[in-house]
file upload_12.txt (compact mmCIF, C-alpha atoms)
# COMPACT_ATOMS: atom_id res chain seq x y z
CA MET F 112 33.25 2.16 -15.06
CA ASN F 113 30.78 0.03 -17.04
CA PRO F 114 29.34 -2.75 -14.86
CA ASN F 115 28.18 -4.67 -17.96
CA THR F 116 31.82 -5.45 -18.81
CA LEU F 117 32.53 -7.09 -15.46
CA SER F 118 32.95 -10.80 -14.95
CA PRO F 119 31.63 -12.54 -11.84
CA THR F 120 33.70 -11.78 -8.76
CA GLN F 121 35.02 -14.48 -6.44
CA LEU F 122 34.73 -13.71 -2.75
CA VAL F 123 37.68 -11.86 -1.26
CA ALA F 124 38.16 -11.74 2.52
CA LEU F 125 38.46 -8.10 3.54
CA PRO F 126 40.52 -7.01 6.56
CA SER F 127 38.31 -6.06 9.49
CA ASP F 128 38.91 -3.38 12.11
CA GLN F 129 37.17 -5.64 14.61
CA GLU F 130 40.19 -7.95 14.76
CA ALA F 131 43.87 -8.14 13.92
CA SER F 132 43.54 -8.24 10.13
CA GLY F 133 42.43 -4.61 9.97
CA ARG F 134 44.47 -3.14 12.82
CA THR F 135 48.07 -1.99 13.32
CA LEU F 136 48.40 -3.57 16.77
CA GLY F 137 51.66 -5.46 17.18
CA ASP F 138 54.95 -5.89 18.99
CA GLU F 139 55.24 -2.18 19.90
CA GLU F 140 52.01 -2.29 21.90
CA ILE F 141 52.97 -5.58 23.57
CA ALA F 142 56.35 -4.18 24.64
CA LEU F 143 54.87 -1.07 26.25
CA LEU F 144 52.07 -3.06 27.88
CA ALA F 145 54.68 -5.34 29.41
CA GLU F 146 56.60 -2.31 30.65
CA ALA F 147 53.46 -0.92 32.28
CA ILE F 148 52.58 -4.23 33.90
CA HIS F 149 56.11 -4.86 35.18
CA SER F 150 56.12 -1.39 36.73
CA GLY F 151 53.14 -2.36 38.87
CA THR F 152 51.61 1.11 38.36
CA LEU F 153 48.42 1.00 36.32
CA THR F 154 46.78 4.25 37.42
CA SER F 155 47.40 7.35 35.33
CA THR F 156 47.66 9.51 38.45
CA LYS F 157 51.01 7.83 39.17
CA GLY F 158 52.27 6.32 35.93
CA PRO F 159 54.00 7.87 32.88
CA PHE F 160 52.14 6.49 29.85
CA VAL F 161 48.95 8.56 29.86
CA LYS F 162 51.01 11.70 30.45
CA ARG F 163 53.23 10.76 27.49
CA LEU F 164 50.17 10.23 25.32
CA GLU F 165 48.72 13.61 26.26
CA LYS F 166 51.97 15.42 25.50
CA GLN F 167 52.52 13.64 22.19
CA PHE F 168 48.91 14.02 21.02
CA ALA F 169 49.01 17.76 21.75
CA GLU F 170 52.22 18.01 19.74
CA THR F 171 50.69 16.02 16.87
CA LEU F 172 47.73 18.38 16.57
CA ARG F 173 49.81 21.47 17.33
CA VAL F 174 47.54 22.37 20.23
CA LYS F 175 48.43 23.52 23.75
CA HIS F 176 46.52 21.02 25.87
CA ALA F 177 45.37 17.41 25.55
CA HIS F 178 43.82 15.24 28.24
CA ALA F 179 43.07 11.53 27.97
CA CYS F 180 39.88 9.98 29.29
CA ALA F 181 37.95 6.73 29.37
CA SER F 182 36.03 6.86 26.07
CA GLY F 183 34.85 9.06 23.24
CA THR F 184 31.61 9.57 25.15
CA ALA F 185 33.63 10.65 28.19
CA ALA F 186 35.49 13.10 25.95
CA VAL F 187 32.25 14.74 24.79
CA HIS F 188 30.91 14.75 28.36
CA THR F 189 34.12 16.32 29.64
CA ALA F 190 33.96 19.04 26.97
CA ILE F 191 30.35 19.90 27.77
CA ALA F 192 31.01 19.88 31.51
CA ALA F 193 33.93 22.25 31.00
CA LEU F 194 31.52 24.79 29.48
CA ASN F 195 29.32 24.37 32.58
CA PRO F 196 25.80 24.78 31.12
CA ASP F 197 22.93 25.77 33.38
CA PRO F 198 19.90 23.46 33.47
CA GLY F 199 17.80 24.12 30.38
CA ASP F 200 20.63 25.60 28.32
CA GLU F 201 20.68 24.44 24.71
CA ILE F 202 23.41 22.73 22.72
CA VAL F 203 23.02 22.54 18.95
CA THR F 204 24.07 19.23 17.42
CA SER F 205 23.38 16.66 14.69
CA ALA F 206 20.86 13.82 14.71
CA ILE F 207 23.19 11.65 12.61
CA THR F 208 25.67 10.71 15.29
CA ASP F 209 26.34 8.12 17.96
CA MET F 210 24.15 8.32 21.05
CA GLY F 211 27.34 8.66 23.08
CA ALA F 212 27.70 12.17 21.68
CA LEU F 213 24.16 13.11 22.76
CA THR F 214 23.52 11.62 26.19
CA PRO F 215 26.29 13.74 27.79
CA ILE F 216 24.25 16.82 26.88
CA ILE F 217 21.30 15.47 28.83
CA TYR F 218 23.45 14.32 31.76
CA GLN F 219 24.66 17.91 32.12
CA GLY F 220 21.08 19.18 32.24
CA ALA F 221 21.17 20.76 28.79
CA ILE F 222 18.80 20.32 25.84
CA PRO F 223 20.00 18.87 22.52
CA VAL F 224 18.73 21.06 19.68
CA PHE F 225 19.01 19.24 16.38
CA ALA F 226 20.18 21.02 13.26
CA ASP F 227 19.44 19.55 9.84
CA VAL F 228 22.28 18.19 7.69
CA ALA F 229 23.41 18.53 4.09
CA PRO F 230 22.49 15.22 2.38
CA ARG F 231 25.69 15.03 0.33
CA THR F 232 27.92 15.08 3.44
CA CYS F 233 25.54 14.06 6.28
CA ASN F 234 27.05 17.01 8.22
CA ILE F 235 25.47 20.09 9.75
CA THR F 236 26.22 23.47 8.17
CA ALA F 237 26.22 27.12 9.23
CA GLU F 238 22.98 27.49 7.27
CA SER F 239 21.28 24.68 9.19
CA ILE F 240 22.73 25.76 12.56
CA ALA F 241 21.64 29.40 12.38
CA PRO F 242 17.86 28.83 12.82
CA CYS F 243 18.58 26.67 15.89
CA LEU F 244 20.39 29.38 17.84
CA SER F 245 18.72 31.25 20.68
CA ASP F 246 19.69 33.25 23.74
CA ARG F 247 19.83 29.90 25.55
CA THR F 248 22.44 28.35 23.22
CA LYS F 249 25.46 27.32 25.28
CA ALA F 250 27.47 25.52 22.59
CA ILE F 251 27.48 24.02 19.12
CA ILE F 252 28.71 20.44 18.66
CA VAL F 253 30.06 19.89 15.16
CA THR F 254 30.38 16.23 14.15
CA HIS F 255 32.79 15.51 11.30
CA LEU F 256 31.02 12.35 10.19
CA PHE F 257 33.09 9.52 8.67
CA GLY F 258 36.18 11.78 8.81
CA ASN F 259 34.73 14.32 6.36
CA PRO F 260 35.20 17.93 7.57
CA CYS F 261 32.23 20.21 8.08
CA ASP F 262 32.49 23.66 6.48
CA MET F 263 34.34 25.05 9.48
CA PRO F 264 35.10 28.63 8.34
CA GLU F 265 31.41 29.44 7.97
CA ILE F 266 30.49 27.66 11.21
CA VAL F 267 33.30 29.38 13.13
CA GLU F 268 32.26 32.76 11.77
CA LEU F 269 28.65 32.17 12.81
CA ALA F 270 29.66 31.00 16.29
CA ARG F 271 32.02 33.93 16.85
CA SER F 272 29.36 36.41 15.81
CA ARG F 273 27.18 35.05 18.63
CA ASN F 274 30.04 34.34 21.08
CA ILE F 275 29.14 30.64 21.18
CA PRO F 276 31.85 28.00 21.78
CA ILE F 277 32.25 25.10 19.36
CA ILE F 278 32.91 21.52 20.41
CA GLU F 279 34.30 19.48 17.51
CA ASP F 280 33.42 15.79 17.63
CA CYS F 281 36.40 14.25 15.83
CA ALA F 282 35.81 10.67 16.95
CA GLN F 283 35.88 9.62 13.29
CA ALA F 284 38.23 12.32 12.02
CA PHE F 285 41.81 11.80 13.22
CA LEU F 286 44.20 14.08 11.28
CA ALA F 287 41.40 15.35 9.04
CA ARG F 288 41.99 18.98 8.12
CA TYR F 289 40.34 22.11 6.90
CA GLY F 290 43.02 24.17 5.23
CA GLU F 291 46.23 23.80 7.21
CA LYS F 292 44.56 23.17 10.57
CA TYR F 293 43.63 19.81 12.01
CA LEU F 294 40.02 19.22 12.94
CA GLY F 295 39.63 19.55 16.68
CA THR F 296 41.69 22.75 16.72
CA LEU F 297 39.38 25.06 14.76
CA GLY F 298 36.71 25.23 17.46
CA THR F 299 36.99 25.71 21.21
CA ILE F 300 37.39 22.05 22.23
CA GLY F 301 38.10 18.94 20.18
CA CYS F 302 37.00 15.43 21.17
CA PHE F 303 38.49 12.14 19.94
CA SER F 304 37.73 8.44 20.41
CA LEU F 305 40.10 5.48 20.69
CA GLN F 306 37.34 2.88 20.43
CA GLN F 307 37.99 -0.41 18.61
CA GLY F 308 37.15 0.74 15.10
CA LYS F 309 38.75 4.17 15.08
CA HIS F 310 41.92 5.17 13.20
CA ILE F 311 44.00 4.18 16.24
CA THR F 312 42.60 2.21 19.15
CA THR F 313 42.95 1.21 22.77
CA GLY F 314 39.66 -0.71 22.72
CA GLU F 315 38.01 2.16 24.55
CA GLY F 316 39.44 5.57 25.34
CA GLY F 317 39.19 9.23 24.45
CA LEU F 318 41.01 12.54 24.26
CA VAL F 319 40.03 16.19 24.59
CA VAL F 320 42.12 19.08 23.25
CA THR F 321 41.99 22.85 23.56
CA ASN F 322 44.09 26.00 23.42
CA ASP F 323 42.09 27.59 26.25
CA GLU F 324 43.96 27.44 29.58
CA ALA F 325 40.88 27.71 31.80
CA LEU F 326 38.94 25.06 29.88
CA ALA F 327 41.95 22.75 29.89
CA ARG F 328 42.15 23.03 33.67
CA ARG F 329 38.43 22.36 34.07
CA MET F 330 38.56 19.33 31.77
CA TYR F 331 41.52 17.90 33.65
CA LEU F 332 39.61 18.31 36.88
CA TYR F 333 36.40 16.82 35.49
CA ILE F 334 38.24 13.67 34.40
CA ASN F 335 39.63 13.37 37.96
CA LYS F 336 36.48 13.82 40.08
CA ALA F 337 37.36 17.53 40.29
CA TRP F 338 40.22 16.70 42.64
CA GLY F 339 43.08 19.14 42.28
CA TYR F 340 46.07 16.82 42.09
CA GLY F 341 49.22 18.80 42.82
CA ASP F 342 47.38 21.83 44.19
CA PRO F 343 48.66 23.33 47.46
CA ARG F 344 45.33 22.58 49.15
CA PRO F 345 43.45 20.17 46.85
CA ASP F 346 39.74 19.60 47.17
CA HIS F 347 36.83 18.23 45.14
CA TYR F 348 35.95 21.59 43.62
CA PHE F 349 32.70 20.70 41.84
CA LEU F 350 30.50 17.78 40.82
CA ALA F 351 32.51 15.50 38.52
CA LEU F 352 33.21 11.89 37.59
CA ASN F 353 36.17 9.53 37.39
CA TYR F 354 36.81 9.41 33.64
CA ARG F 355 40.49 8.51 33.84
CA MET F 356 42.29 6.38 31.27
CA SER F 357 44.37 3.53 32.73
CA GLU F 358 48.09 3.13 32.14
CA LEU F 359 47.34 -0.03 30.13
CA GLN F 360 45.30 1.98 27.63
CA GLY F 361 47.89 4.73 27.75
CA ALA F 362 50.69 2.30 26.88
CA VAL F 363 48.77 0.97 23.87
CA ALA F 364 47.96 4.51 22.73
CA VAL F 365 51.59 5.64 23.01
CA ALA F 366 52.53 2.76 20.70
CA GLN F 367 49.63 3.47 18.34
CA LEU F 368 50.16 7.20 17.93
CA PRO F 369 53.35 7.05 15.78
CA LYS F 370 51.42 4.82 13.37
CA LEU F 371 48.59 7.31 12.91
CA GLU F 372 50.09 9.27 10.03
CA GLY F 373 50.65 6.08 8.03
CA VAL F 374 47.17 4.83 8.87
CA VAL F 375 45.63 8.03 7.56
CA ARG F 376 47.83 8.10 4.46
CA ASN F 377 46.77 4.58 3.52
CA ARG F 378 43.08 5.23 4.12
CA ILE F 379 43.17 8.37 1.97
CA GLY F 380 45.08 6.60 -0.78
CA THR F 381 42.82 3.57 -1.01
CA ALA F 382 39.73 5.78 -0.78
CA ALA F 383 41.00 7.83 -3.73
CA HIS F 384 41.41 4.59 -5.69
CA LEU F 385 37.81 3.56 -4.99
CA THR F 386 36.55 7.02 -5.93
CA GLU F 387 38.32 6.72 -9.27
CA ARG F 388 37.00 3.20 -9.87
CA LEU F 389 33.40 4.28 -9.21
CA ARG F 390 33.57 7.48 -11.23
CA GLY F 391 30.55 7.77 -13.53
CA LEU F 392 28.58 4.90 -11.99
CA VAL F 393 24.94 5.89 -12.54
CA GLY F 394 22.94 6.37 -9.36
CA VAL F 395 25.93 6.27 -6.98
CA GLU F 396 27.81 9.32 -5.71
CA THR F 397 31.21 9.07 -4.04
CA PRO F 398 32.01 11.23 -0.97
CA TRP F 399 31.88 14.97 -1.54
CA VAL F 400 34.53 17.00 0.31
CA TYR F 401 34.85 20.79 0.65
CA PRO F 402 37.68 22.10 -1.58
CA ASN F 403 39.87 22.98 1.42
CA GLY F 404 38.98 19.86 3.37
CA VAL F 405 40.98 16.65 3.88
CA HIS F 406 38.77 13.60 4.51
CA THR F 407 40.52 10.81 6.46
CA PHE F 408 37.94 8.07 5.88
CA TRP F 409 36.90 6.37 9.07
CA LYS F 410 34.38 4.80 6.70
CA TYR F 411 33.65 5.34 3.02
CA CYS F 412 30.08 6.61 2.57
CA LEU F 413 28.36 6.32 -0.80
CA ARG F 414 25.17 8.20 -1.64
CA VAL F 415 22.72 6.01 -3.55
CA ASP F 416 19.86 7.45 -5.57
CA GLY F 417 16.92 5.10 -5.11
CA LYS F 418 15.27 6.51 -8.23
CA LEU F 419 18.16 5.28 -10.36
CA VAL F 420 19.19 2.19 -8.38
CA PRO F 421 16.14 0.00 -7.67
CA GLY F 422 15.84 -0.65 -3.96
CA GLY F 423 18.45 1.99 -3.17
CA ALA F 424 21.04 1.64 -0.44
CA VAL F 425 19.16 -1.09 1.45
CA ALA F 426 18.96 -3.40 -1.58
CA MET F 427 22.61 -2.74 -2.39
CA GLY F 428 23.67 -3.49 1.17
CA LYS F 429 21.90 -6.84 1.12
CA ILE F 430 23.68 -7.98 -2.05
CA LEU F 431 27.06 -6.63 -0.91
CA GLY F 432 26.66 -8.64 2.28
CA GLN F 433 26.40 -11.79 0.20
CA LYS F 434 29.77 -10.80 -1.30
CA GLY F 435 31.38 -10.49 2.13
CA ILE F 436 31.22 -6.69 2.28
CA ALA F 437 29.59 -5.70 5.58
CA SER F 438 28.17 -2.35 4.53
CA ALA F 439 25.73 -0.29 6.62
CA PRO F 440 22.75 1.00 4.62
CA ARG F 441 21.43 4.23 6.18
CA TYR F 442 24.38 4.21 8.68
CA ILE F 443 21.90 4.52 11.55
CA GLN F 444 18.35 3.28 11.04
CA LYS F 445 16.69 6.49 12.20
CA PRO F 446 17.66 9.98 13.34
CA ALA F 447 18.68 10.08 16.99
CA PHE F 448 15.65 12.16 17.95
CA MET F 449 13.40 9.25 16.90
CA CYS F 450 14.86 7.07 19.68
CA GLU F 451 12.80 6.56 22.84
CA VAL F 452 15.12 8.55 25.06
CA PHE F 453 13.94 11.63 23.12
CA GLN F 454 10.47 10.57 22.03
CA LYS F 455 9.43 9.43 25.52
CA GLN F 456 11.94 11.54 27.47
CA ARG F 457 13.18 8.59 29.50
CA THR F 458 15.88 10.18 31.58
CA PHE F 459 15.95 10.55 35.39
CA GLY F 460 13.15 8.57 36.99
CA ASN F 461 9.83 9.93 35.75
CA SER F 462 10.95 13.56 35.87
CA HIS F 463 11.52 14.05 32.10
CA TYR F 464 14.42 16.28 33.19
CA PRO F 465 15.90 18.26 31.48
CA PHE F 466 13.28 18.14 28.72
CA ASN F 467 10.77 19.66 31.14
CA LEU F 468 12.85 22.85 30.96
CA ALA F 469 12.91 23.02 27.17
CA ARG F 470 11.23 25.44 24.82
CA PRO F 471 8.41 23.52 23.09
CA GLU F 472 9.70 24.30 19.61
CA VAL F 473 13.03 22.53 20.17
CA LEU F 474 11.16 19.33 21.05
CA ASP F 475 9.33 19.34 17.72
CA TYR F 476 10.90 16.41 15.93
CA SER F 477 8.53 16.44 12.96
CA PRO F 478 10.19 14.90 9.88
CA SER F 479 9.22 17.97 7.85
CA ARG F 480 11.72 19.98 9.90
CA PHE F 481 14.61 17.70 8.92
CA PRO F 482 14.40 16.99 5.19
CA GLY F 483 18.17 16.82 4.79
CA THR F 484 18.55 14.35 7.64
CA PHE F 485 16.00 11.90 6.28
CA SER F 486 17.35 12.27 2.75
CA ALA F 487 20.91 11.71 3.95
CA LEU F 488 19.98 8.49 5.77
CA ASP F 489 17.85 7.20 2.89
CA GLY F 490 20.78 7.50 0.49
CA ALA F 491 23.68 6.52 2.74
CA LEU F 492 25.54 3.28 2.10
CA VAL F 493 28.53 3.11 4.44
CA LEU F 494 31.33 0.81 3.31
CA PRO F 495 33.78 -0.66 5.84
CA TRP F 496 37.25 0.85 5.70
CA ASN F 497 40.60 0.41 7.42
CA GLU F 498 44.31 0.92 6.98
CA ARG F 499 45.00 -2.68 5.93
CA TYR F 500 43.16 -2.38 2.61
CA THR F 501 45.23 -2.90 -0.53
CA GLU F 502 44.37 -2.01 -4.11
CA GLU F 503 43.22 -5.61 -4.55
CA HIS F 504 40.69 -5.17 -1.75
CA VAL F 505 39.51 -1.87 -3.21
CA ASP F 506 39.22 -3.34 -6.69
CA TYR F 507 37.10 -6.13 -5.25
CA ILE F 508 34.79 -3.63 -3.52
CA ALA F 509 34.54 -1.52 -6.68
CA GLU F 510 33.63 -4.50 -8.83
CA ALA F 511 31.11 -5.69 -6.24
CA VAL F 512 29.43 -2.26 -6.09
CA CYS F 513 29.22 -2.01 -9.88
CA GLN F 514 27.93 -5.56 -10.24
CA THR F 515 25.34 -4.90 -7.55
CA VAL F 516 24.03 -1.81 -9.33
CA ASP F 517 23.91 -3.80 -12.59
CA GLN F 518 22.10 -6.72 -10.92
CA LEU F 519 19.44 -4.48 -9.39
CA ALA F 520 18.88 -2.75 -12.73
CA ARG F 521 18.47 -6.10 -14.54
CA GLU F 522 16.09 -7.43 -11.88
CA GLN F 523 13.92 -4.36 -12.37
CA GLN F 524 13.58 -4.97 -16.12
call {"tool": "encode", "arguments": {"input": "upload_12.txt", "output": "structure tokens"}}
result
Amino acid sequence: MNPNTLSPTQLVALPSDQEASGRTLGDEEIALLAEAIHSGTLTSTKGPFVKRLEKQFAETLRVKHAHACASGTAAVHTAIAALNPDPGDEIVTSAITDMGALTPIIYQGAIPVFADVAPRTCNITAESIAPCLSDRTKAIIVTHLFGNPCDMPEIVELARSRNIPIIEDCAQAFLARYGEKYLGTLGTIGCFSLQQGKHITTGEGGLVVTNDEALARRMYLYINKAWGYGDPRPDHYFLALNYRMSELQGAVAVAQLPKLEGVVRNRIGTAAHLTERLRGLVGVETPWVYPNGVHTFWKYCLRVDGKLVPGGAVAMGKILGQKGIASAPRYIQKPAFMCEVFQKQRTFGNSHYPFNLARPEVLDYSPSRFPGTFSALDGALVLPWNERYTEEHVDYIAEAVCQTVDQLAREQQ
């Protein structure tokens, strides 16, 4: 696409996943909410909706067990707690992720060990994970950022060779696949989020899935304060929280779930249209996906070469904002390990726990150890995306991106 041939673009209002224009919420959700409210039973320990959601989500992913919980963070916490790390155990993860996927590691007394990422995907790889493994590694958390699958066969092979469980963070990756399997089912445990901006939403909410009977039981218990509902002699078996989803959230989720396949289909289709429109644009790379992967586009992440596009992703984001496109240059402003919770070890009082149990080398957050991470953030320009986009919306975004690149080049001359 040649930006020099474009005419000025009039502002187009894009649907937003932060309100009704970009969501599939409608009469189906209202009807089930009314049913839940009229029943008078809003706790999932008594009502039917959360149980229906769990059964239907497990069937959707073709997995044996699914349990609903209060948030995506609660899902990650539940998964880690199910693996029961000892204080000072290590969990390998990515520094390009939401803090909600990292603080559960610390709350369980384990140490986050950050693997570098591949700049073209912003995801960790088997090659970057391997140097992080030690005899203290309890798990690997694989984050499928933006809905783009990590290279799971290589990661699974590495983990199996060391007998290390994998937690897949699929908060942004509903119905994404590697080969014929859905993400969340290739590792040991899969975690999903139903937060406002995800493929389907209940405002807040989460789900964990597994094929492992013992882990499924432990996750169910952890969500329920470790109380054995239905057991002959129930007790609070271990330290755990109340991470239950309410029947109100469950009702909304039951109505949302049948829409998921259509949501994903539309996101993939409109993303393919944008990829085609931006093909050949100098200095801008469209998302790269492994040949056997299916990206389901929570967001659409461009990679901008600052050597070819003056000002890079930050300058582009500023101009796109003036055109009504709320992009996110860099996605997050800095790697997670640069935040104060890690830099100053602000955790439990003044104890620095569990960092005081860590090997010194895993607390070395020198930028030189994470070249891929810093490169990935420098080049990332994350475009908003949702299931309500039409080709008109995508054409508008494409023209705006091309015009922005052209404008920055002309301003440099």
call {"tool": "closest_residue", "arguments": {"input": "upload_12.txt", "among": "F:Glu130, F:Glu165, F:Glu451, F:Glu201", "to": "F:Val320", "atoms": "only C-alpha atoms"}}
result
F:Glu165
call {"tool": "residues_around", "arguments": {"input": "upload_12.txt", "residues": "F:Leu164", "least_positions_apart": "5", "cutoff": "9 Å", "atoms": "only C-alpha atoms", "output": "list in words"}}
result
Pro159, Ala169, Ala177, His178, Ala179, Gly361, Ala362, Ala364, Val365 and Leu368 of chain F
call {"tool": "atom_distance", "arguments": {"input": "upload_12.txt", "atom1": "atom CA of F:Leu294", "atom2": "atom CA of F:Ile207"}}
result
18.5 Å
call {"tool": "residues_around", "arguments": {"input": "upload_12.txt", "residues": "F:Met356", "least_positions_apart": "3", "cutoff": "12 Å", "atoms": "all atoms listed in the file", "output": "PyMOL selection string"}}
result
chain F and resi 153-162+164-165+178-183+185-186+304-305+313-318+331+334-335+353+359-364
call {"tool": "residues_around", "arguments": {"input": "upload_12.txt", "residues": "stretch 280-282 of chain F", "least_positions_apart": "5", "cutoff": "8 Å", "atoms": "only C-alpha atoms", "output": "PDB file with C-alpha atoms, in the frame of the given file"}}
result
ATOM      1  CA  GLY F 183      34.850   9.060  23.240  1.00  0.00           C
ATOM      2  CA  VAL F 187      32.250  14.740  24.790  1.00  0.00           C
ATOM      3  CA  ALA F 212      27.700  12.170  21.680  1.00  0.00           C
ATOM      4  CA  ILE F 252      28.710  20.440  18.660  1.00  0.00           C
ATOM      5  CA  VAL F 253      30.060  19.890  15.160  1.00  0.00           C
ATOM      6  CA  THR F 254      30.380  16.230  14.150  1.00  0.00           C
ATOM      7  CA  HIS F 255      32.790  15.510  11.300  1.00  0.00           C
ATOM      8  CA  GLY F 258      36.180  11.780   8.810  1.00  0.00           C
ATOM      9  CA  LEU F 294      40.020  19.220  12.940  1.00  0.00           C
ATOM     10  CA  GLY F 295      39.630  19.550  16.680  1.00  0.00           C
ATOM     11  CA  GLY F 301      38.100  18.940  20.180  1.00  0.00           C
ATOM     12  CA  CYS F 302      37.000  15.430  21.170  1.00  0.00           C
ATOM     13  CA  PHE F 303      38.490  12.140  19.940  1.00  0.00           C
ATOM     14  CA  SER F 304      37.730   8.440  20.410  1.00  0.00           C
ATOM     15  CA  LEU F 305      40.100   5.480  20.690  1.00  0.00           C
ATOM     16  CA  LYS F 309      38.750   4.170  15.080  1.00  0.00           C
TER      17      LYS F 309
END
call {"tool": "closest_residue", "arguments": {"input": "upload_12.txt", "among": "F:Leu431, F:Val473, F:Val493, F:Leu332", "to": "F:Cys513", "atoms": "all atoms listed in the file"}}
result
F:Leu431
call {"tool": "closest_residue", "arguments": {"input": "upload_12.txt", "among": "F:Gly483, F:Gly490, F:Gly373, F:Gly432", "to": "F:Val415", "atoms": "all atoms listed in the file"}}
result
F:Gly490
call {"tool": "closest_residue", "arguments": {"input": "upload_12.txt", "among": "F:Gly341, F:Ser245, F:Phe168, F:Pro223", "to": "F:Phe285", "atoms": "all atoms listed in the file"}}
result
F:Phe168
call {"tool": "residues_near_point", "arguments": {"input": "upload_12.txt", "point": "(43.1, 25.4, 6.4)", "cutoff": "9 Å", "atoms": "all atoms listed in the file", "output": "ChimeraX atom specification"}}
result
/F:264,288-293,403-404
